[in-house]
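**Q** The following block contains the structure, expressed as structure tokens.
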Amino acid sequence: MNNTKGLRSAKGIALGDQMVCQYVHMIDSAGFWYGDDPMSYTTPVLLAEISVIFIISGLTHLLMRPLRQPKIIVQIIAGIIMGPSVLGQSREYTEALFPPGSKLLFSTLVEFGFMFHLFLLGLRINASLIKSIGRKALIIGLVGNMIPMAFGGTAYKILKPNNPSIGPLNLVLINSMTSFIGVTSLLDNLNILNTEIGQFASSISLVSDTCCWLLAFVMRNVDTALKYSPNKPLPILVLVPGYYCILFFLLRPLSIWIFCSTPVKAPIKENHFTAILCIVMGNGVLAEYVGEHAWLGAFVLGLSLPNGPTLGASLIKKLDILCTESLLQLYCTAKGFRTLFSSMAKMSTAKMEIVIFAGYIGKFTGTILPSIYYKMPFRESLTLTLIMCCKGVLELAIYSTWETSQIMTRQTYTLLIINMIIITGLASIFIRHLYDTSARYMGDTRRTISDSDQNFGLRTLVCIHSEENVSSLTNLLEVSNPTKESPIFVSVLQLVEITRKAASILVKHDRQHSSSVSNLYCSGHIGNAFDHYESYSEGSVMIQNFKAIAPCASMHDDICTLAVDQKTSIIIVPYHKTWAIDGTAKANTPFIRTINKNLLKKAPCSIGVLVDRGQIGGNPSVLNGNSPYRIAMLFLGGADDREALLYSIRMAGHPNVSLTVVQFIAWGYKTNSYQENLDKEVLNELRASIVGKRRIYHKKETVRRGLDTRHVIHKMADNFDLVIVGKYHEPDSPVTLGLRERSESPELGVLGDMLASSVFQFSVLVVQQQPRR
């Protein structure tokens, strides 16, 4: 090596593995113009690798988008495309982009990101889910583990003696496991995480996961004792529990103490954030020292920490995009890169596949049989079974660790990855078709205000996202004229968005014993404000507080399920924009709009979207009782307007409310006779309500086109505090003709969208009556 001029690295084979010898200072290139080849230095190579992985992963995602596959499957397939089975067959491609000297650096980077991803995942998971595991989930989880072990173990014992190349016995154990991490990731991807079947599957997977980890711990120590001596496992039995004691009784309290000085809703301080990173990495060092994986230690540490708005949300906000979106993608792609199709040409592949497939058959049988025994509907049992057969990122990590440690061969690793892609990919497709989340609440019966018996009260579900909505919603409830003879039964649902792979929760708030989960995620001021309003109402309003903690994409499922359970007639949701005193509007909680759109499509009862502009309009509160609260109802005809009119008539019974119903009549336009008769019935009810009441007025306006309608509304704009309108109107009616040109919120309908614009200062309630199916 005396003459090393121009020599960048040397490589060769030692003990069957490729080894690389290169200079330690080969990090940054001086540049092409100074005679350096940038691809001979680690930094340019690493950047090129990451860029190519992102590009190919993005293209793979676009090509597979029609199949709607989970992200992990897409990323693994992208890795296979880049690996030795496809593009890696080109020697020039491999040597230029993935030289042997870069593998160590790249692998270290993705393992680092995976560790922090599991730490964040642990933060998102509610540890109290362990306490809520019922007997049914426990039995299905245990049986779903025992039967695949029996199936896989039997196949292994039959085939192993004649085929020594078949993988280790641990393969049977890992193939029978359904990881909690993988299941929650899949459920989140399918948008069924907070459904009944999703929460049940999470509980079962937690049982399965726990059993397999305990069995793996026992098997590892028994195997060590058999190979060496009975005393060999004793240090492990002491070190591992000792490590977890340090984690729970030292690192956990230290992490919580660091955040104690951070005010609620305040951003985390940089030195605090750095200290937490040091704790996570130090915990990883300890885990590796005692024989545990750093990523497993990080997951347990995250799981042990409170995941409320101060600690968990702050860390997730800072680390999520880097660790979950970027480094995790690199990790999954890198694991797909290790597959080698040519290794499957060996004779033992078919027999090894029998062992693997026996585990899947056992998992299918062990889950569906107890599910049917517990009288679950067949479609739900089949859906649950398919979920339990899916594999995720934890299994991928274990496969990779065993292959790297030479516990299993590259052939076994490749076969496991292919089975994972096929089974999980097909299962996700079938699950989407089998399980319709709206089937539970989209039946033939749709509750409406017109169907509710006023003598027994009105049942309302109020959705709230922040403390800013409290005053407007309590005011609307009071406007709805609650009395002791006709009370309002209100279910207040506080909605808290969670992101990615966390078990969702729908919980009733107990005033005497509020759950820790509720306290972590939601402000107690919201519940206290509604409880105070209930006391103020003196028995005319009955309030129950609930909290839903779920991803935005499936949060409407919780709302609809609660509406069915509570026999709700109308759901009130806030508009996604709020107005400042100077009149400027902002979408301060963008996910509200997604929820509202989903509810308008799938709700089991009527919907009311409240556009609150009390601040800019100076609109009074009916709770004050100092001046009349002026309401206008714009009636064009149709089911939604009839529902809105009936709600308005109820409001008119309040002693402090005045109601003006403006009926728009289209010049020379005739509606459907059946709809016209229904409109006449509800208008007759309005006329009957006017008798003996001074604060109810009925006006008729004849218009020729939409501009006339706009002109009438502009003239009356300053005379009202709240305007109520139905969402849907006949598209060819002259009353709305020409009003569709500019539409910012089409989900509110033509008139609702116009009234929600910044031109007006009154509040708006857009009502939709769900059609019967």
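In the structure tokens, each chain is lettered A, B, ... as it comes, each chain's residues begin at 1, and ligands are numbered from 1 in order of appearance.
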Write out as an mmCIF file with all heavy atoms, in the first residue's frame the set of residues from segment 633-691 of chain A that DSSP, computed on the backbone, places in strand (DSSP E or B).
**A**
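Resulting contents of states.cif:
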```cif
data_model
loop_
_atom_site.group_PDB
_atom_site.id
_atom_site.type_symbol
_atom_site.label_atom_id
_atom_site.label_comp_id
_atom_site.auth_asym_id
_atom_site.auth_seq_id
_atom_site.Cartn_x
_atom_site.Cartn_y
_atom_site.Cartn_z
ATOM 1 N N MET A 633 -85.395 33.236 7.999
ATOM 2 C CA MET A 633 -85.334 31.940 7.337
ATOM 3 C C MET A 633 -85.703 32.154 5.873
ATOM 4 O O MET A 633 -86.768 32.685 5.561
ATOM 5 C CB MET A 633 -86.314 30.968 8.005
ATOM 6 C CG MET A 633 -86.121 29.504 7.597
ATOM 7 S SD MET A 633 -86.978 29.091 6.057
ATOM 8 C CE MET A 633 -85.839 27.968 5.303
ATOM 9 N N LEU A 634 -84.786 31.757 4.970
ATOM 10 C CA LEU A 634 -85.014 31.936 3.541
ATOM 11 C C LEU A 634 -85.591 30.651 2.982
ATOM 12 O O LEU A 634 -84.919 29.612 2.961
ATOM 13 C CB LEU A 634 -83.699 32.285 2.834
ATOM 14 C CG LEU A 634 -82.895 33.453 3.432
ATOM 15 C CD1 LEU A 634 -81.664 33.722 2.593
ATOM 16 C CD2 LEU A 634 -83.757 34.711 3.545
ATOM 17 N N PHE A 635 -86.829 30.705 2.520
ATOM 18 C CA PHE A 635 -87.542 29.506 2.075
ATOM 19 C C PHE A 635 -87.714 29.534 0.558
ATOM 20 O O PHE A 635 -88.410 30.386 0.014
ATOM 21 C CB PHE A 635 -88.905 29.414 2.760
ATOM 22 C CG PHE A 635 -89.616 28.109 2.499
ATOM 23 C CD1 PHE A 635 -89.376 27.004 3.295
ATOM 24 C CD2 PHE A 635 -90.525 27.994 1.448
ATOM 25 C CE1 PHE A 635 -90.023 25.799 3.055
ATOM 26 C CE2 PHE A 635 -91.179 26.798 1.198
ATOM 27 C CZ PHE A 635 -90.923 25.693 2.011
ATOM 28 N N VAL A 657 -86.816 35.715 20.872
ATOM 29 C CA VAL A 657 -86.471 35.507 19.475
ATOM 30 C C VAL A 657 -87.587 36.022 18.582
ATOM 31 O O VAL A 657 -88.773 35.774 18.843
ATOM 32 C CB VAL A 657 -86.226 34.007 19.190
ATOM 33 C CG1 VAL A 657 -86.144 33.748 17.683
ATOM 34 C CG2 VAL A 657 -84.941 33.547 19.869
ATOM 35 N N SER A 658 -87.215 36.740 17.532
ATOM 36 C CA SER A 658 -88.162 37.127 16.489
ATOM 37 C C SER A 658 -87.765 36.419 15.201
ATOM 38 O O SER A 658 -86.581 36.347 14.865
ATOM 39 C CB SER A 658 -88.151 38.647 16.278
ATOM 40 O OG SER A 658 -86.904 39.076 15.784
ATOM 41 N N LEU A 659 -88.748 35.883 14.491
ATOM 42 C CA LEU A 659 -88.497 35.105 13.275
ATOM 43 C C LEU A 659 -89.213 35.734 12.096
ATOM 44 O O LEU A 659 -90.406 36.033 12.166
ATOM 45 C CB LEU A 659 -88.976 33.661 13.459
ATOM 46 C CG LEU A 659 -88.969 32.786 12.204
ATOM 47 C CD1 LEU A 659 -87.539 32.559 11.716
ATOM 48 C CD2 LEU A 659 -89.667 31.463 12.461
ATOM 49 N N THR A 660 -88.464 35.914 11.008
ATOM 50 C CA THR A 660 -89.031 36.377 9.749
ATOM 51 C C THR A 660 -88.742 35.338 8.679
ATOM 52 O O THR A 660 -87.579 35.040 8.391
ATOM 53 C CB THR A 660 -88.425 37.723 9.317
ATOM 54 O OG1 THR A 660 -88.675 38.705 10.335
ATOM 55 C CG2 THR A 660 -89.033 38.192 8.003
ATOM 56 N N VAL A 661 -89.781 34.760 8.126
ATOM 57 C CA VAL A 661 -89.638 33.770 7.063
ATOM 58 C C VAL A 661 -89.867 34.474 5.734
ATOM 59 O O VAL A 661 -90.952 35.012 5.485
ATOM 60 C CB VAL A 661 -90.622 32.606 7.237
ATOM 61 C CG1 VAL A 661 -90.493 31.628 6.071
ATOM 62 C CG2 VAL A 661 -90.380 31.893 8.561
ATOM 63 N N VAL A 662 -88.831 34.481 4.896
ATOM 64 C CA VAL A 662 -88.906 35.115 3.583
ATOM 65 C C VAL A 662 -89.055 34.004 2.549
ATOM 66 O O VAL A 662 -88.136 33.221 2.317
ATOM 67 C CB VAL A 662 -87.657 35.959 3.291
ATOM 68 C CG1 VAL A 662 -87.789 36.632 1.928
ATOM 69 C CG2 VAL A 662 -87.443 36.997 4.392
ATOM 70 N N GLN A 663 -90.239 33.946 1.921
ATOM 71 C CA GLN A 663 -90.506 32.917 0.929
ATOM 72 C C GLN A 663 -90.260 33.484 -0.465
ATOM 73 O O GLN A 663 -90.874 34.467 -0.867
ATOM 74 C CB GLN A 663 -91.955 32.427 1.038
ATOM 75 C CG GLN A 663 -92.295 31.339 0.039
ATOM 76 C CD GLN A 663 -93.748 30.900 0.127
ATOM 77 O OE1 GLN A 663 -94.513 31.411 0.952
ATOM 78 N NE2 GLN A 663 -94.130 29.958 -0.718
ATOM 79 N N PHE A 664 -89.334 32.878 -1.192
ATOM 80 C CA PHE A 664 -89.014 33.319 -2.549
ATOM 81 C C PHE A 664 -89.862 32.522 -3.543
ATOM 82 O O PHE A 664 -89.878 31.290 -3.521
ATOM 83 C CB PHE A 664 -87.524 33.105 -2.845
ATOM 84 C CG PHE A 664 -86.624 34.050 -2.099
ATOM 85 C CD1 PHE A 664 -86.149 33.726 -0.831
ATOM 86 C CD2 PHE A 664 -86.260 35.260 -2.658
ATOM 87 C CE1 PHE A 664 -85.324 34.590 -0.148
ATOM 88 C CE2 PHE A 664 -85.435 36.138 -1.969
ATOM 89 C CZ PHE A 664 -84.961 35.808 -0.708
ATOM 90 N N ILE A 665 -90.536 33.249 -4.414
ATOM 91 C CA ILE A 665 -91.395 32.629 -5.426
ATOM 92 C C ILE A 665 -90.832 32.964 -6.796
ATOM 93 O O ILE A 665 -90.621 34.133 -7.126
ATOM 94 C CB ILE A 665 -92.848 33.140 -5.307
ATOM 95 C CG1 ILE A 665 -93.396 32.830 -3.895
ATOM 96 C CG2 ILE A 665 -93.729 32.519 -6.388
ATOM 97 C CD1 ILE A 665 -94.754 33.433 -3.632
ATOM 98 N N ALA A 666 -90.557 31.935 -7.577
ATOM 99 C CA ALA A 666 -89.982 32.133 -8.905
ATOM 100 C C ALA A 666 -91.073 32.496 -9.906
ATOM 101 O O ALA A 666 -92.090 31.791 -10.011
ATOM 102 C CB ALA A 666 -89.251 30.868 -9.352
#
```
**Q** Name all residues at most 9 Å from Glu111 of chain A (count only C-alpha atoms; drop same-chain ones fewer than 3 positions away) and give them as a list in words.
**A**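 In the requested format, the answer is Phe106, Ser107, Thr108, Phe114, Met115, Phe116, Trp295, Leu327, Leu328 and Tyr331 of chain A.
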**Q** Those selected residues, please, written with N, CA and C atoms and delivered as a PDB file, in the first residue's frame.
**A**
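As written to disk, out05.pdb reads:
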```pdb
ATOM      1  N   PHE A 106     -25.326   4.368   4.793  1.00  0.00           N
ATOM      2  CA  PHE A 106     -26.752   4.431   4.482  1.00  0.00           C
ATOM      3  C   PHE A 106     -27.573   3.590   5.467  1.00  0.00           C
ATOM      4  N   SER A 107     -27.110   2.399   5.788  1.00  0.00           N
ATOM      5  CA  SER A 107     -27.826   1.528   6.721  1.00  0.00           C
ATOM      6  C   SER A 107     -27.907   2.158   8.103  1.00  0.00           C
ATOM      7  N   THR A 108     -26.834   2.798   8.535  1.00  0.00           N
ATOM      8  CA  THR A 108     -26.838   3.460   9.844  1.00  0.00           C
ATOM      9  C   THR A 108     -27.850   4.596   9.866  1.00  0.00           C
ATOM     10  N   PHE A 114     -35.410   4.927  11.771  1.00  0.00           N
ATOM     11  CA  PHE A 114     -36.407   3.950  12.206  1.00  0.00           C
ATOM     12  C   PHE A 114     -36.567   3.964  13.721  1.00  0.00           C
ATOM     13  N   MET A 115     -35.473   4.130  14.433  1.00  0.00           N
ATOM     14  CA  MET A 115     -35.544   4.203  15.892  1.00  0.00           C
ATOM     15  C   MET A 115     -36.415   5.381  16.328  1.00  0.00           C
ATOM     16  N   PHE A 116     -36.211   6.542  15.730  1.00  0.00           N
ATOM     17  CA  PHE A 116     -37.003   7.711  16.118  1.00  0.00           C
ATOM     18  C   PHE A 116     -38.441   7.592  15.630  1.00  0.00           C
ATOM     19  N   TRP A 295     -34.335   0.259  18.517  1.00  0.00           N
ATOM     20  CA  TRP A 295     -35.658   0.713  18.100  1.00  0.00           C
ATOM     21  C   TRP A 295     -36.756   0.197  19.025  1.00  0.00           C
ATOM     22  N   LEU A 327     -37.235   9.349   6.539  1.00  0.00           N
ATOM     23  CA  LEU A 327     -36.324   8.279   6.915  1.00  0.00           C
ATOM     24  C   LEU A 327     -37.011   6.919   6.948  1.00  0.00           C
ATOM     25  N   LEU A 328     -38.287   6.874   7.336  1.00  0.00           N
ATOM     26  CA  LEU A 328     -38.995   5.590   7.325  1.00  0.00           C
ATOM     27  C   LEU A 328     -39.161   5.082   5.896  1.00  0.00           C
ATOM     28  N   TYR A 331     -36.012   3.569   4.983  1.00  0.00           N
ATOM     29  CA  TYR A 331     -35.832   2.303   5.695  1.00  0.00           C
ATOM     30  C   TYR A 331     -36.559   1.164   4.973  1.00  0.00           C
TER      31      TYR A 331
END
```
**Q** Pick from A:Ala334, A:Ile181, A:Leu646, A:Cys390: nearest to Val52 of chain A, with only C-alpha atoms counted?
**A**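 Result for the nearest residue to Val52 of chain A: A:Ala334.
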**Q** Need to verify the contact set: segment 715-725 of chain A, 7 Å, only C-alpha atoms, exclusion of same-chain residues closer than 2 positions in sequence. Can you return it as a PyMOL selection string?
**A** chain A and resi 619+629-635+641+644+711-713+727+752+760+762-767
**Q** List the neighbours of Leu296 of chain A out to 10 Å using only C-alpha atoms; skip same-chain residues closer than 6 positions along the sequence, and give me the result as JSON, numbers by chain.
**A** {"A": [115, 118, 119, 122, 284, 287, 288, 302, 394]}
**Q** Do you have the atom CA of Thr414 of chain A-atom CA of Met344 of chain A distance handy?
**A**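 One can read the atom CA of Thr414 of chain A to atom CA of Met344 of chain A distance as 7.6 Å.
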**Q** Could you check the closest approach to Gly738 of chain A for each of A:Gly83, A:Gly706, A:Gly653, A:Pro771 and tell me which residue wins, using only C-alpha atoms?
**A**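 Among A:Gly83, A:Gly706, A:Gly653, A:Pro771, it is A:Gly706 that comes nearest to Gly738 of chain A.
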**Q** Which value, in Å to one decimal, gives the distance between atom CA of Pro241 of chain A and atom CA of Leu214 of chain A?
**A**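 It comes out at 12.5 Å.
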**Q** Between A:Ser758, A:Asn419, A:Thr671, A:Ser491, single out the one closest to Thr568 of chain A, counting only C-alpha atoms.
**A**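 Smallest distance to Thr568 of chain A is found for A:Ser491.
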**Q** Write out as a PyMOL selection string each polymer residue whose atoms come within 9 Å of segment 243-248 of chain A, counting only C-alpha atoms; drop sequence neighbours fewer than 5 positions from it.
**A** chain A and resi 238+253+283+286-287+290+297+300-301+304
**Q** In Å, with one decimal, what is the gap from atom CA of Gln770 of chain A to atom CA of Cys605 of chain A?
**A**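 A separation of 5.9 Å between them.
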**Q** Applying 10 Å and only C-alpha atoms, which residues near Ser450 of chain A remain after dropping the ones on its own chain fewer than 4 positions away? List them as a list in words.
**A**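 After dropping sequence-adjacent residues, the list is Gln454, Ser569, Ser606, Arg642, Glu643, Ala644, Leu645, Leu646, Tyr647, Val682 and Gln769 of chain A.
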**Q** Filtering to all heavy atoms, could you give me those residues as a PDB file, in the first residue's frame?
**A**
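selection12.pdb written:
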```pdb
ATOM      1  N   GLN A 454     -91.882  16.754  19.346  1.00  0.00           N
ATOM      2  CA  GLN A 454     -91.511  17.931  20.125  1.00  0.00           C
ATOM      3  C   GLN A 454     -91.900  17.814  21.593  1.00  0.00           C
ATOM      4  O   GLN A 454     -91.309  18.447  22.458  1.00  0.00           O
ATOM      5  CB  GLN A 454     -92.151  19.186  19.513  1.00  0.00           C
ATOM      6  CG  GLN A 454     -91.714  19.458  18.084  1.00  0.00           C
ATOM      7  CD  GLN A 454     -90.219  19.713  17.974  1.00  0.00           C
ATOM      8  OE1 GLN A 454     -89.631  20.323  18.849  1.00  0.00           O
ATOM      9  NE2 GLN A 454     -89.609  19.225  16.901  1.00  0.00           N
ATOM     10  N   SER A 569     -81.387  13.825  16.182  1.00  0.00           N
ATOM     11  CA  SER A 569     -82.172  14.335  15.054  1.00  0.00           C
ATOM     12  C   SER A 569     -81.378  15.296  14.180  1.00  0.00           C
ATOM     13  O   SER A 569     -81.629  15.397  12.981  1.00  0.00           O
ATOM     14  CB  SER A 569     -83.435  15.032  15.558  1.00  0.00           C
ATOM     15  OG  SER A 569     -84.284  14.118  16.214  1.00  0.00           O
ATOM     16  N   SER A 606     -80.160  14.807  10.169  1.00  0.00           N
ATOM     17  CA  SER A 606     -79.982  16.129   9.565  1.00  0.00           C
ATOM     18  C   SER A 606     -78.683  16.763  10.050  1.00  0.00           C
ATOM     19  O   SER A 606     -78.161  16.424  11.112  1.00  0.00           O
ATOM     20  CB  SER A 606     -81.161  17.037   9.915  1.00  0.00           C
ATOM     21  OG  SER A 606     -82.364  16.516   9.372  1.00  0.00           O
ATOM     22  N   ARG A 642     -87.594  22.726   4.110  1.00  0.00           N
ATOM     23  CA  ARG A 642     -88.664  22.333   5.046  1.00  0.00           C
ATOM     24  C   ARG A 642     -88.072  21.987   6.418  1.00  0.00           C
ATOM     25  O   ARG A 642     -88.638  22.358   7.451  1.00  0.00           O
ATOM     26  CB  ARG A 642     -89.439  21.143   4.477  1.00  0.00           C
ATOM     27  CG  ARG A 642     -90.261  21.466   3.250  1.00  0.00           C
ATOM     28  CD  ARG A 642     -91.256  20.354   2.932  1.00  0.00           C
ATOM     29  NE  ARG A 642     -90.598  19.113   2.539  1.00  0.00           N
ATOM     30  CZ  ARG A 642     -90.267  18.804   1.290  1.00  0.00           C
ATOM     31  NH1 ARG A 642     -90.541  19.654   0.303  1.00  0.00           N
ATOM     32  NH2 ARG A 642     -89.685  17.650   1.011  1.00  0.00           N
ATOM     33  N   GLU A 643     -86.960  21.288   6.397  1.00  0.00           N
ATOM     34  CA  GLU A 643     -86.297  20.955   7.666  1.00  0.00           C
ATOM     35  C   GLU A 643     -85.833  22.228   8.375  1.00  0.00           C
ATOM     36  O   GLU A 643     -85.988  22.375   9.594  1.00  0.00           O
ATOM     37  CB  GLU A 643     -85.099  20.025   7.396  1.00  0.00           C
ATOM     38  CG  GLU A 643     -84.426  19.479   8.634  1.00  0.00           C
ATOM     39  CD  GLU A 643     -85.189  18.337   9.274  1.00  0.00           C
ATOM     40  OE1 GLU A 643     -86.343  18.063   8.862  1.00  0.00           O
ATOM     41  OE2 GLU A 643     -84.639  17.723  10.196  1.00  0.00           O
ATOM     42  N   ALA A 644     -85.251  23.163   7.606  1.00  0.00           N
ATOM     43  CA  ALA A 644     -84.783  24.421   8.180  1.00  0.00           C
ATOM     44  C   ALA A 644     -85.945  25.241   8.728  1.00  0.00           C
ATOM     45  O   ALA A 644     -85.836  25.889   9.781  1.00  0.00           O
ATOM     46  CB  ALA A 644     -84.018  25.222   7.127  1.00  0.00           C
ATOM     47  N   LEU A 645     -87.085  25.207   8.039  1.00  0.00           N
ATOM     48  CA  LEU A 645     -88.246  25.968   8.492  1.00  0.00           C
ATOM     49  C   LEU A 645     -88.804  25.404   9.799  1.00  0.00           C
ATOM     50  O   LEU A 645     -89.161  26.151  10.718  1.00  0.00           O
ATOM     51  CB  LEU A 645     -89.318  25.978   7.409  1.00  0.00           C
ATOM     52  CG  LEU A 645     -90.598  26.752   7.734  1.00  0.00           C
ATOM     53  CD1 LEU A 645     -90.302  28.199   8.116  1.00  0.00           C
ATOM     54  CD2 LEU A 645     -91.587  26.700   6.578  1.00  0.00           C
ATOM     55  N   LEU A 646     -88.878  24.077   9.910  1.00  0.00           N
ATOM     56  CA  LEU A 646     -89.360  23.466  11.141  1.00  0.00           C
ATOM     57  C   LEU A 646     -88.440  23.805  12.315  1.00  0.00           C
ATOM     58  O   LEU A 646     -88.893  24.040  13.434  1.00  0.00           O
ATOM     59  CB  LEU A 646     -89.461  21.953  10.968  1.00  0.00           C
ATOM     60  CG  LEU A 646     -90.599  21.464  10.067  1.00  0.00           C
ATOM     61  CD1 LEU A 646     -90.499  19.964   9.846  1.00  0.00           C
ATOM     62  CD2 LEU A 646     -91.960  21.812  10.682  1.00  0.00           C
ATOM     63  N   TYR A 647     -87.134  23.814  12.063  1.00  0.00           N
ATOM     64  CA  TYR A 647     -86.195  24.203  13.118  1.00  0.00           C
ATOM     65  C   TYR A 647     -86.413  25.671  13.496  1.00  0.00           C
ATOM     66  O   TYR A 647     -86.371  26.048  14.677  1.00  0.00           O
ATOM     67  CB  TYR A 647     -84.767  23.971  12.624  1.00  0.00           C
ATOM     68  CG  TYR A 647     -83.716  23.971  13.715  1.00  0.00           C
ATOM     69  CD1 TYR A 647     -84.038  23.866  15.062  1.00  0.00           C
ATOM     70  CD2 TYR A 647     -82.367  24.074  13.390  1.00  0.00           C
ATOM     71  CE1 TYR A 647     -83.073  23.850  16.039  1.00  0.00           C
ATOM     72  CE2 TYR A 647     -81.380  24.052  14.364  1.00  0.00           C
ATOM     73  CZ  TYR A 647     -81.748  23.946  15.691  1.00  0.00           C
ATOM     74  OH  TYR A 647     -80.783  23.942  16.661  1.00  0.00           O
ATOM     75  N   VAL A 682     -95.808  22.425   5.355  1.00  0.00           N
ATOM     76  CA  VAL A 682     -94.949  23.046   6.358  1.00  0.00           C
ATOM     77  C   VAL A 682     -95.217  24.547   6.439  1.00  0.00           C
ATOM     78  O   VAL A 682     -95.113  25.158   7.512  1.00  0.00           O
ATOM     79  CB  VAL A 682     -93.463  22.739   6.048  1.00  0.00           C
ATOM     80  CG1 VAL A 682     -92.976  23.520   4.850  1.00  0.00           C
ATOM     81  CG2 VAL A 682     -92.584  23.031   7.257  1.00  0.00           C
ATOM     82  N   GLN A 769     -81.264  18.083   5.219  1.00  0.00           N
ATOM     83  CA  GLN A 769     -81.996  16.888   5.645  1.00  0.00           C
ATOM     84  C   GLN A 769     -81.489  15.710   4.821  1.00  0.00           C
ATOM     85  O   GLN A 769     -81.578  15.721   3.601  1.00  0.00           O
ATOM     86  CB  GLN A 769     -83.505  17.069   5.441  1.00  0.00           C
ATOM     87  CG  GLN A 769     -84.327  15.878   5.894  1.00  0.00           C
ATOM     88  CD  GLN A 769     -85.796  16.004   5.500  1.00  0.00           C
ATOM     89  OE1 GLN A 769     -86.175  15.700   4.377  1.00  0.00           O
ATOM     90  NE2 GLN A 769     -86.613  16.464   6.434  1.00  0.00           N
TER      91      GLN A 769
END
```
**Q** Pick from A:Ser400, A:Ser102, A:Glu95, A:Ala137: nearest to Ser203 of chain A, with only C-alpha atoms counted?
**A** A:Ala137
**Q** Which residue, A:Pro574, A:Pro734, A:Gly637, A:Pro482, has the smallest gap to Pro655 of chain A when you use only C-alpha atoms?
**A**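 Ranked by minimum distance to Pro655 of chain A, first place goes to A:Pro482.
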**Q** Under the rule that only C-alpha atoms are counted, which of A:Ile449, A:Ala756, A:Ile354, A:Val143 is the nearest residue to Ala155 of chain A?
**A**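 Nearest to Ala155 of chain A: A:Ile354.
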**Q** Assign secondary structure with DSSP using the backbone only, and return the residues of segment 352-399 of chain A in helix (DSSP H, G or I) as a PyMOL selection string.
**A** chain A and resi 352-373+378-388+393-399
